[in-house]
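Source file: model.cif (mmCIF, C-alpha atoms)
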```cif
data_structure
#
loop_
_atom_site.label_atom_id
_atom_site.label_comp_id
_atom_site.auth_asym_id
_atom_site.auth_seq_id
_atom_site.Cartn_x
_atom_site.Cartn_y
_atom_site.Cartn_z
CA MET C 817 0.80 5.95 -5.39
CA PRO C 818 -2.40 7.73 -6.49
CA GLU C 819 -4.17 6.32 -3.45
CA ILE C 820 -1.39 7.45 -1.08
CA LEU C 821 -1.38 10.89 -2.67
CA ALA C 822 -5.17 11.21 -2.40
CA GLY C 823 -5.02 10.20 1.27
CA THR C 824 -2.28 12.74 1.92
CA ARG C 825 -4.33 15.50 0.31
CA ARG C 826 -7.37 14.61 2.44
CA ARG C 827 -5.36 14.62 5.65
CA LEU C 828 -3.69 17.92 4.90
CA GLY C 829 -7.12 19.56 4.75
CA LYS C 830 -7.27 23.16 3.60
CA VAL C 831 -3.94 24.20 2.09
CA PRO C 832 -2.75 27.27 0.13
CA LEU C 833 -4.05 27.33 -3.44
CA GLU C 834 -0.57 26.86 -4.90
CA VAL C 835 -0.04 23.74 -2.80
CA ASP C 836 -3.39 22.29 -3.83
CA ALA C 837 -2.60 23.00 -7.48
CA ALA C 838 0.82 21.37 -7.22
CA LEU C 839 -0.63 18.24 -5.60
CA ALA C 840 -3.33 18.07 -8.27
CA GLU C 841 -0.66 18.40 -10.97
CA LEU C 842 1.26 15.48 -9.46
CA ALA C 843 -1.92 13.39 -9.32
CA ASP C 844 -2.59 14.00 -13.01
CA GLU C 845 1.03 13.27 -13.87
CA LEU C 846 0.94 9.92 -12.05
CA THR C 847 -2.10 8.60 -13.89
CA GLY C 848 -1.70 10.01 -17.36
CA GLY C 849 1.22 12.34 -17.77
CA ALA C 850 4.98 12.18 -18.05
CA LEU C 851 7.50 12.56 -15.24
CA ARG C 852 9.17 15.94 -14.85
CA GLY C 853 12.18 16.86 -12.76
CA LEU C 854 12.26 19.07 -9.69
CA ARG C 855 11.61 22.77 -10.15
CA GLU C 856 12.65 24.10 -6.76
CA GLU C 857 16.22 25.18 -6.05
CA THR C 858 17.18 23.11 -3.02
CA GLY C 859 20.32 21.50 -1.68
CA ASP C 860 19.41 18.11 -3.15
CA ARG C 861 18.33 19.41 -6.57
CA GLN C 862 21.52 18.42 -8.40
CA ALA C 863 21.49 14.90 -6.98
CA TRP C 864 17.86 14.38 -8.00
CA ASP C 865 18.51 15.87 -11.45
CA ARG C 866 21.25 13.29 -11.98
CA ALA C 867 19.00 10.48 -10.75
CA ALA C 868 16.01 11.57 -12.85
CA VAL C 869 17.70 12.55 -16.11
CA ALA C 870 17.17 9.14 -17.72
CA HIS C 871 13.48 9.11 -16.75
CA VAL C 872 12.18 12.63 -17.44
CA GLY C 873 9.41 12.47 -20.04
CA ARG C 874 8.53 8.84 -19.34
CA ARG C 875 5.23 7.63 -17.90
CA TRP C 876 5.45 6.71 -14.23
CA THR C 877 4.31 3.14 -14.93
CA THR C 878 7.43 2.54 -17.03
CA LEU C 879 9.93 3.65 -14.37
CA PRO C 880 12.22 1.47 -12.24
CA TRP C 881 10.23 0.64 -9.11
CA TYR C 882 12.39 2.04 -6.33
CA PHE C 883 13.28 5.22 -8.22
CA ALA C 884 9.58 5.87 -8.86
CA GLU C 885 8.69 5.43 -5.19
CA SER C 886 11.48 7.58 -3.81
CA PHE C 887 10.99 10.37 -6.36
CA PHE C 888 7.23 10.33 -5.75
CA TYR C 889 7.74 11.16 -2.08
CA ARG C 890 10.28 13.84 -2.94
CA ARG C 891 7.77 15.40 -5.33
CA ILE C 892 5.14 15.50 -2.56
CA LEU C 893 7.56 17.57 -0.49
CA GLU C 894 8.13 19.89 -3.42
CA ALA C 895 4.37 20.30 -3.87
CA THR C 896 3.77 21.13 -0.22
CA GLY C 897 6.74 23.51 -0.04
CA TYR C 898 8.40 21.50 2.72
CA PHE C 899 11.82 23.06 2.03
CA GLY C 900 10.47 26.60 1.80
CA GLY C 901 8.13 28.83 -0.17
CA SER C 902 4.93 27.74 1.57
CA THR C 903 3.16 28.10 4.89
CA LEU C 904 3.68 24.32 5.13
CA ALA C 905 7.47 24.68 5.14
CA GLY C 906 9.04 22.24 7.55
CA ILE C 907 5.73 20.47 8.22
CA ASP C 908 5.66 16.70 7.82
CA PRO C 909 2.77 16.08 5.36
CA PHE C 910 2.34 12.61 6.82
CA ALA C 911 2.25 13.64 10.51
CA SER C 912 -1.49 13.16 10.91
CA HIS C 913 -1.20 9.74 9.31
CA LYS C 914 1.54 8.77 11.75
CA ALA C 915 -0.71 9.95 14.60
CA GLU C 916 -2.86 6.87 13.96
CA GLU C 917 -0.01 4.85 15.44
CA TRP C 918 0.95 7.28 18.18
CA ALA C 919 -2.18 8.99 19.50
CA PRO C 920 -4.45 6.05 20.39
CA GLY C 921 -1.62 4.40 22.27
CA GLU C 922 -1.59 1.34 20.02
CA GLY C 923 2.19 1.41 19.56
CA PRO C 924 2.97 1.89 23.29
CA ARG C 925 0.51 -0.89 24.16
CA ARG C 926 2.20 -3.27 21.75
CA VAL C 927 5.70 -2.54 23.04
CA ALA C 928 4.52 -2.84 26.66
CA ASP C 929 2.95 -6.21 25.87
CA LEU C 930 6.24 -7.37 24.37
CA LEU C 931 8.28 -6.15 27.35
CA ASP C 932 5.90 -7.70 29.86
CA ALA C 933 5.71 -11.07 28.10
CA ALA C 934 9.40 -11.50 27.20
CA PRO C 935 11.33 -14.07 29.25
CA ALA C 936 13.51 -12.78 32.07
CA GLU C 937 16.55 -14.83 30.98
CA VAL C 938 18.91 -12.81 28.80
CA ALA C 939 19.26 -15.19 25.83
CA PRO C 940 15.56 -15.81 25.11
CA ARG C 941 14.72 -12.19 25.95
CA SER C 942 17.33 -11.04 23.43
CA LEU C 943 15.64 -13.10 20.71
CA ALA C 944 12.24 -11.73 21.74
CA MET C 945 13.49 -8.15 21.41
CA LEU C 946 15.07 -8.91 18.04
CA HIS C 947 11.84 -10.50 16.80
CA GLY C 948 9.84 -7.54 18.09
CA SER C 949 12.01 -5.21 16.01
CA LEU C 950 11.48 -7.45 12.98
CA TRP C 951 7.70 -7.87 13.19
CA GLY C 952 7.14 -4.23 14.10
CA ASN C 953 7.73 -3.64 10.40
CA ARG C 954 4.28 -5.08 9.70
CA ALA C 955 2.78 -1.86 11.13
CA ASP C 956 3.76 0.18 8.07
CA LEU C 957 1.31 2.97 7.26
CA SER C 958 2.06 2.91 3.53
CA TYR C 959 1.29 -0.84 3.49
CA ASN C 960 -0.14 -1.80 6.88
CA VAL C 961 -0.19 -5.57 6.74
CA ALA C 962 -0.67 -5.77 10.52
CA VAL C 963 -4.27 -4.71 9.98
CA ALA C 964 -4.85 -7.20 7.15
CA LEU C 965 -3.26 -10.08 9.08
CA GLY C 966 -4.89 -9.18 12.39
CA ALA C 967 -1.55 -9.22 14.23
CA PHE C 968 1.77 -7.48 14.03
CA MET C 969 3.81 -10.32 15.60
CA GLY C 970 4.50 -13.30 13.36
CA ASP C 971 4.18 -16.97 14.19
CA GLU C 972 7.23 -19.22 14.31
CA GLY C 973 6.45 -20.65 10.88
CA ASP C 974 6.33 -17.19 9.36
CA LEU C 975 10.07 -16.67 9.83
CA LEU C 976 11.66 -18.17 6.71
CA VAL C 977 15.28 -17.48 7.65
CA ASP C 978 16.39 -16.87 11.24
CA ASP C 979 20.02 -15.93 11.77
CA GLY C 980 19.10 -14.30 15.09
CA ALA C 981 21.12 -16.64 17.29
CA ALA C 982 24.21 -16.10 15.14
CA VAL C 983 23.76 -12.31 15.35
CA LEU C 984 23.59 -12.40 19.15
CA ALA C 985 26.61 -14.72 19.34
CA HIS C 986 28.52 -12.30 17.11
CA LEU C 987 27.72 -9.41 19.46
CA ALA C 988 28.90 -11.45 22.45
CA GLU C 989 32.20 -12.17 20.71
CA ARG C 990 32.70 -8.51 19.83
CA ARG C 991 31.89 -7.39 23.35
CA ALA C 992 34.49 -9.79 24.75
CA ALA C 993 37.08 -7.98 22.62
CA GLY C 994 36.13 -4.46 23.76
CA PRO C 995 33.38 -1.81 23.66
CA THR C 996 30.80 -2.44 20.96
CA ARG C 997 28.82 -0.09 18.72
CA VAL C 998 25.62 -1.01 16.88
CA ALA C 999 23.80 0.98 14.20
CA ILE C 1000 20.09 0.47 13.54
CA ILE C 1001 18.99 1.87 10.17
CA ALA C 1002 15.36 2.63 10.99
CA ASP C 1003 12.29 2.23 8.86
CA ASN C 1004 8.84 3.19 10.19
CA ALA C 1005 7.63 5.42 13.01
CA GLY C 1006 4.90 4.26 15.39
CA THR C 1007 4.94 0.63 16.52
CA GLU C 1008 8.13 -0.25 14.65
CA CYS C 1009 10.05 2.71 16.06
CA LEU C 1010 9.00 1.77 19.60
CA MET C 1011 10.07 -1.83 19.00
CA ASP C 1012 13.41 -0.52 17.75
CA LEU C 1013 13.78 1.52 20.95
CA ALA C 1014 13.03 -1.57 23.05
CA PHE C 1015 15.66 -3.51 21.10
CA ALA C 1016 18.19 -0.68 21.41
CA ASP C 1017 17.57 -0.46 25.15
CA HIS C 1018 18.07 -4.21 25.51
CA LEU C 1019 21.33 -4.02 23.57
CA MET C 1020 22.65 -1.42 26.01
CA THR C 1021 21.19 -2.58 29.33
CA SER C 1022 21.40 -6.36 28.93
CA LEU C 1023 23.99 -7.06 26.23
CA GLY C 1024 26.51 -4.41 27.20
CA VAL C 1025 26.61 -2.55 23.88
CA ALA C 1026 28.40 0.73 24.53
CA VAL C 1027 26.67 2.88 21.89
CA VAL C 1028 23.61 2.41 19.69
CA GLU C 1029 23.14 4.71 16.70
CA LEU C 1030 19.64 5.08 15.27
CA HIS C 1031 19.86 6.20 11.65
CA VAL C 1032 16.64 7.96 10.60
CA LYS C 1033 15.48 9.78 7.45
CA ASP C 1034 16.57 13.40 7.06
CA HIS C 1035 13.08 14.44 5.92
CA PRO C 1036 9.62 12.82 5.52
CA PHE C 1037 9.67 9.78 3.24
CA PHE C 1038 7.45 6.77 2.43
CA VAL C 1039 4.54 8.07 4.60
CA SER C 1040 5.58 6.60 7.94
CA ASP C 1041 9.38 6.53 7.82
CA THR C 1042 11.03 7.75 11.02
CA ILE C 1043 12.50 11.25 11.09
CA ALA C 1044 14.26 12.86 14.06
CA ALA C 1045 11.11 14.67 15.20
CA ASP C 1046 9.34 11.32 15.57
CA LEU C 1047 11.70 10.38 18.39
CA ASP C 1048 10.24 13.16 20.52
CA VAL C 1049 6.73 11.89 19.79
CA ALA C 1050 7.86 8.35 20.63
CA GLN C 1051 9.21 9.56 23.96
CA SER C 1052 5.94 11.34 24.77
CA SER C 1053 3.85 8.32 23.76
CA LEU C 1054 5.81 6.08 26.11
CA ALA C 1055 5.60 8.58 28.97
CA GLY C 1056 1.84 8.94 28.57
CA SER C 1057 1.05 5.29 27.94
CA GLY C 1058 -0.01 4.42 31.48
CA ARG C 1059 1.93 1.14 31.22
CA VAL C 1060 4.74 0.75 33.73
CA SER C 1061 7.08 -1.07 31.35
CA ALA C 1062 6.56 1.46 28.55
CA VAL C 1063 7.09 4.44 30.86
CA ALA C 1064 10.28 2.85 32.20
CA LEU C 1065 11.53 2.21 28.67
CA GLY C 1066 11.05 5.88 27.83
CA GLU C 1067 12.94 6.94 30.95
CA ARG C 1068 15.84 4.60 30.18
CA MET C 1069 16.06 5.80 26.56
CA ALA C 1070 16.10 9.43 27.70
CA ARG C 1071 18.96 8.58 30.05
CA HIS C 1072 20.86 6.69 27.34
CA ARG C 1073 20.53 9.68 25.04
CA PHE C 1074 21.65 12.15 27.72
CA GLU C 1075 24.68 9.99 28.44
CA GLY C 1076 25.60 9.82 24.74
CA ARG C 1077 25.02 6.07 24.50
CA PHE C 1078 21.98 6.43 22.23
CA VAL C 1079 22.68 8.62 19.22
CA VAL C 1080 20.17 9.72 16.57
CA THR C 1081 21.73 10.54 13.22
CA THR C 1082 20.87 10.78 9.53
CA HIS C 1083 22.32 11.11 6.04
CA PRO C 1084 20.85 12.29 2.69
CA PHE C 1085 21.53 8.82 1.24
CA TYR C 1086 18.58 7.43 3.18
CA THR C 1087 16.10 9.59 1.23
CA SER C 1088 17.73 9.11 -2.15
CA SER C 1089 17.00 6.63 -4.93
CA ALA C 1090 20.48 5.05 -4.66
CA PHE C 1091 21.15 1.47 -3.59
CA TYR C 1092 23.49 0.35 -0.80
CA PRO C 1093 26.29 -0.76 -3.14
CA ALA C 1094 26.58 2.99 -3.92
CA LEU C 1095 26.93 4.10 -0.29
CA PRO C 1096 28.61 7.52 -0.08
CA ASP C 1097 32.14 7.32 1.29
CA ASP C 1098 31.39 9.32 4.45
CA LEU C 1099 28.45 7.12 5.41
CA ALA C 1100 30.38 3.94 4.55
CA ARG C 1101 33.21 5.07 6.85
CA ARG C 1102 30.78 5.73 9.70
CA LEU C 1103 29.07 2.37 9.34
CA ALA C 1104 32.46 0.63 9.13
CA LEU C 1105 33.11 1.72 12.73
CA CYS C 1106 30.18 -0.43 13.93
CA ASP C 1107 30.37 -3.98 15.20
CA LEU C 1108 26.93 -4.61 13.72
CA VAL C 1109 24.56 -2.72 11.41
CA VAL C 1110 20.89 -3.71 11.58
CA VAL C 1111 19.03 -2.72 8.42
CA LYS C 1112 15.27 -2.53 8.87
CA GLY C 1113 12.34 -3.05 6.54
CA ASP C 1114 11.35 -4.01 3.04
CA ALA C 1115 12.52 -0.90 1.16
CA ASN C 1116 15.94 -1.00 2.81
CA TYR C 1117 16.20 -4.71 1.97
CA ARG C 1118 15.41 -3.96 -1.67
CA ARG C 1119 18.14 -1.30 -1.63
CA LEU C 1120 20.61 -3.77 -0.10
CA VAL C 1121 20.12 -6.18 -3.01
CA SER C 1122 19.80 -3.40 -5.66
CA ASP C 1123 16.09 -4.21 -6.15
CA ALA C 1124 17.18 -6.87 -8.64
CA PRO C 1125 15.49 -10.14 -9.74
CA TRP C 1126 17.83 -12.56 -7.96
CA ALA C 1127 17.07 -16.26 -7.77
CA PRO C 1128 15.77 -16.74 -4.20
CA GLU C 1129 18.50 -19.29 -3.42
CA THR C 1130 21.28 -16.76 -4.16
CA PRO C 1131 23.36 -16.53 -0.95
CA PHE C 1132 22.62 -13.35 1.01
CA ALA C 1133 26.28 -12.99 1.99
CA ASP C 1134 27.35 -12.98 -1.65
CA VAL C 1135 24.91 -10.23 -2.63
CA VAL C 1136 25.88 -7.93 0.26
CA ALA C 1137 29.58 -8.83 0.29
CA ASP C 1138 30.69 -5.21 -0.14
CA PHE C 1139 28.72 -3.80 2.79
CA PRO C 1140 31.28 -2.07 5.05
CA ALA C 1141 30.34 -3.72 8.39
CA PRO C 1142 28.84 -6.89 9.85
CA LEU C 1143 25.21 -6.80 8.73
CA CYS C 1144 21.81 -8.06 9.85
CA ALA C 1145 18.68 -7.45 7.76
CA LEU C 1146 15.28 -7.55 9.48
CA ARG C 1147 12.48 -7.64 6.95
CA THR C 1148 8.81 -8.50 6.58
CA MET C 1149 8.26 -9.39 2.95
CA LYS C 1150 6.19 -6.97 0.87
CA ALA C 1151 8.00 -7.13 -2.47
CA GLU C 1152 9.05 -9.73 -5.04
CA VAL C 1153 12.75 -9.30 -4.32
CA LEU C 1154 14.49 -11.97 -2.28
CA VAL C 1155 17.76 -13.82 -1.70
CA GLY C 1156 19.13 -16.30 0.83
CA LEU C 1157 16.41 -18.97 0.95
CA PRO C 1158 17.25 -22.67 1.30
CA ALA C 1159 16.86 -24.63 -1.94
CA GLY C 1160 13.25 -25.54 -2.65
CA MET C 1161 11.70 -23.30 0.02
CA ALA C 1162 10.39 -20.70 -2.43
CA THR C 1163 8.50 -23.32 -4.41
CA ALA C 1164 7.14 -24.95 -1.26
CA VAL C 1165 5.85 -21.71 0.25
CA ALA C 1166 4.38 -20.53 -3.06
CA SER C 1167 2.38 -23.76 -3.31
CA VAL C 1168 0.45 -22.92 -0.12
CA ASP C 1169 0.40 -19.11 -0.42
CA PRO C 1170 0.68 -17.59 -3.92
CA ARG C 1171 1.08 -14.06 -2.45
CA TRP C 1172 3.77 -15.06 0.04
CA MET C 1173 6.32 -12.58 -1.29
CA VAL C 1174 4.11 -9.50 -1.01
CA ASN C 1175 1.48 -9.99 1.71
CA GLY C 1176 3.76 -9.24 4.69
CA ARG C 1177 3.10 -12.51 6.49
CA ARG C 1178 6.64 -13.87 6.15
CA GLY C 1179 9.78 -12.44 7.65
CA LEU C 1180 13.55 -12.78 7.39
CA ILE C 1181 16.48 -12.33 9.76
CA GLN C 1182 19.51 -12.60 7.49
CA ALA C 1183 23.08 -11.89 8.46
CA ARG C 1184 26.52 -11.53 6.94
CA LEU C 1185 28.76 -11.18 9.97
CA ALA C 1186 32.22 -10.96 8.45
CA SER C 1187 33.45 -7.39 8.12
CA GLY C 1188 33.04 -5.78 4.72
#
```
Structure re-expressed in structure tokens:
Amino acid sequence: MPEILAGTRRRLGKVPLEVDAALAELADELTGGALRGLREETGDRQAWDRAAVAHVGRRWTTLPWYFAESFFYRRILEATGYFGGSTLAGIDPFASHKAEEWAPGEGPRRVADLLDAAPAEVAPRSLAMLHGSLWGNRADLSYNVAVALGAFMGDEGDLLVDDGAAVLAHLAERRAAGPTRVAIIADNAGTECLMDLAFADHLMTSLGVAVVELHVKDHPFFVSDTIAADLDVAQSSLAGSGRVSAVALGERMARHRFEGRFVVTTHPFYTSSAFYPALPDDLARRLALCDLVVVKGDANYRRLVSDAPWAPETPFADVVADFPAPLCALRTMKAEVLVGLPAGMATAVASVDPRWMVNGRRGLIQARLASG
């Protein structure tokens, strides 16, 4: 967190004195002080006060992991005056960081390579698009394992659990019964967002899904998490990529959105410190209307399983039994939280790679396809 905060301060450049002072205060608090609650009067203040009440006055290193992360990013927004009271109001403090994925064309190049190399036949192409959406999560600017590993696409042996075929069969069954709706709960902007768009496009153009919802964050979060404004940047990056397949993808997604088949939505839950078992009723009802919900990324996976120390062989379907819709989790592993592995696999993988749970090399496609 101190490193992320220092990088954010550098990238913001010259800021108003009060913003610089607030960011410096947060830096000191992280490394030697005690957590304080929010000071600004905003719409989410009461919710954060309830979440933080048990932790105010504690050192950050003693806090529950996911709460500390989520509150850290909310405090950055308070410091920069994102919600008002600063010349930086409404400005994404991580926008220049995200530009590393957008501006050089790296993300559009990667998605074009995937589109160009994927098989023409629907079944294998469907798996390729699903895997692209999964491995795109390696290009995460708060923990960019794609750089460390030298590749953002995983090898076959890197996928520890692959329920992909079952997920696609489930969608085929649902489509046979009537129009289908899929929600993708997004994670990162840049490469991963573009891979999600390619997957969404494939769902609509090749698998006959009637509507795809992309659920994004309602404000900046976790450095590179996708917010609604990032979709406009994604569209521009595809249009200016110079790659025929990427340009065509952007044109199709614009058409899907105009026709109401591709819907971008959000909910305050996604930028809270709550776990998925505590889904708000309105969001649970919306997700329950979907034939499939695809939950992306490591942080969302941790929230699905309440960031708890499960035995790795604990069945995934048991842990997420109360989720309100058929569910597929796509995750590259960056945290020591895991369920759903075959017996003995955890020990076997650990014997050849002691950092296998955190280095982002391994991935999971896990599904619970019965309705919640």
Please expand the PyMOL selection byres ((chain C and resi 972) around 12) into the concrete residues it hits in this file, giving the result as an mmCIF file with C-alpha atoms, in the coordinates of the input.
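What follows is the written file expr29.cif:
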```
data_model
loop_
_atom_site.group_PDB
_atom_site.id
_atom_site.type_symbol
_atom_site.label_atom_id
_atom_site.label_comp_id
_atom_site.auth_asym_id
_atom_site.auth_seq_id
_atom_site.Cartn_x
_atom_site.Cartn_y
_atom_site.Cartn_z
ATOM 1 C CA ALA C 944 12.240 -11.730 21.740
ATOM 2 C CA HIS C 947 11.840 -10.500 16.800
ATOM 3 C CA TRP C 951 7.700 -7.870 13.190
ATOM 4 C CA MET C 969 3.810 -10.320 15.600
ATOM 5 C CA GLY C 970 4.500 -13.300 13.360
ATOM 6 C CA ASP C 971 4.180 -16.970 14.190
ATOM 7 C CA GLY C 973 6.450 -20.650 10.880
ATOM 8 C CA ASP C 974 6.330 -17.190 9.360
ATOM 9 C CA LEU C 975 10.070 -16.670 9.830
ATOM 10 C CA LEU C 976 11.660 -18.170 6.710
ATOM 11 C CA VAL C 977 15.280 -17.480 7.650
ATOM 12 C CA ASP C 978 16.390 -16.870 11.240
ATOM 13 C CA ARG C 1177 3.100 -12.510 6.490
ATOM 14 C CA ARG C 1178 6.640 -13.870 6.150
ATOM 15 C CA GLY C 1179 9.780 -12.440 7.650
ATOM 16 C CA LEU C 1180 13.550 -12.780 7.390
#
```
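Distance-wise, CA of Thr1148 in chain C and CA of Ile1181 in chain C end up 9.1 Å apart.
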In terms of only C-alpha atoms, the residue from C:Thr903, C:Ala985, C:Leu1157, C:Gly948 at minimal distance from Lys830 in chain C is C:Thr903
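Here CA of Val831 in chain C is placed at a distance of 22.1 Å from CA of Ala1045 in chain C.
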Picked residues, the PyMOL selection byres ((chain C and resi 836) around 12), expected as a tab-separated table (two decimals) with C-alpha atoms, in the coordinates of the input:
```tsv
chain	number	residue	atom	x	y	z
C	821	LEU	CA	-1.38	10.89	-2.67
C	822	ALA	CA	-5.17	11.21	-2.40
C	824	THR	CA	-2.28	12.74	1.92
C	825	ARG	CA	-4.33	15.50	0.31
C	826	ARG	CA	-7.37	14.61	2.44
C	828	LEU	CA	-3.69	17.92	4.90
C	829	GLY	CA	-7.12	19.56	4.75
C	830	LYS	CA	-7.27	23.16	3.60
C	831	VAL	CA	-3.94	24.20	2.09
C	832	PRO	CA	-2.75	27.27	0.13
C	833	LEU	CA	-4.05	27.33	-3.44
C	834	GLU	CA	-0.57	26.86	-4.90
C	835	VAL	CA	-0.04	23.74	-2.80
C	837	ALA	CA	-2.60	23.00	-7.48
C	838	ALA	CA	0.82	21.37	-7.22
C	839	LEU	CA	-0.63	18.24	-5.60
C	840	ALA	CA	-3.33	18.07	-8.27
C	841	GLU	CA	-0.66	18.40	-10.97
C	842	LEU	CA	1.26	15.48	-9.46
C	843	ALA	CA	-1.92	13.39	-9.32
C	892	ILE	CA	5.14	15.50	-2.56
C	894	GLU	CA	8.13	19.89	-3.42
C	895	ALA	CA	4.37	20.30	-3.87
C	896	THR	CA	3.77	21.13	-0.22
C	897	GLY	CA	6.74	23.51	-0.04
C	902	SER	CA	4.93	27.74	1.57
C	904	LEU	CA	3.68	24.32	5.13
```
Write out as a VMD selection string the residues lying within 6 Å of range 998-1002 of chain C, counting all atoms listed in the file and excluding same-chain residues fewer than 2 positions away.
chain C and resid 1028 to 1032 1106 to 1112
Pairwise distance, CA of Lys1150 in chain C with CA of Asn1116 in chain C, equals 11.6 Å
Please, which residues in range 867-943 of chain C fall within 6 Å of range 848-857 of chain C when counting all atoms listed in the file, and what is the closest atom pair and distance in Å to one decimal for each, ordered by chain then residue number, as a tab-separated table?
```
residue	atom	partner	partner_atom	distance
C:Val872	CA	C:Arg852	CA	5.2
C:Gly873	CA	C:Ala850	CA	4.9
C:Arg874	CA	C:Ala850	CA	5.0
C:Arg875	CA	C:Ala850	CA	4.6
```
Point (27.6, -1.0, 2.9) neighbourhood (7 Å, only C-alpha atoms) written as a list in words:
Tyr1092, Pro1093, Leu1095, Ala1100, Asp1138, Phe1139, Pro1140 and Ala1141 of chain C
Would you kindly translate the PyMOL selection byres ((chain C and resi 1120) around 12) into the concrete residues it picks from this file, as a ChimeraX atom specification?
/C:882,1001,1086,1090-1095,1110-1119,1121-1124,1132-1140,1143-1147,1153-1155,1182
Polymer residues at most 8 Å from Tyr898 in chain C, all atoms listed in the file, same-chain spacing of 5 or more positions, as a list of chain:residue names
C:Leu893, C:Leu904, C:Ala905, C:Gly906, C:Ile907, C:Asp908
Applying 7 Å and only C-alpha atoms, which residues near range 1012-1014 of chain C remain after dropping the ones on its own chain fewer than 3 positions away? List them as a compact mmCIF listing (two decimals) with C-alpha atoms, in the coordinates of the input.
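The new file result09.txt reads:
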```txt
# COMPACT_ATOMS: atom_id res chain seq x y z
CA MET C 945 13.49 -8.15 21.41
CA SER C 949 12.01 -5.21 16.01
CA GLU C 1008 8.13 -0.25 14.65
CA CYS C 1009 10.05 2.71 16.06
CA ASP C 1017 17.57 -0.46 25.15
CA HIS C 1018 18.07 -4.21 25.51
CA LEU C 1065 11.53 2.21 28.67
```
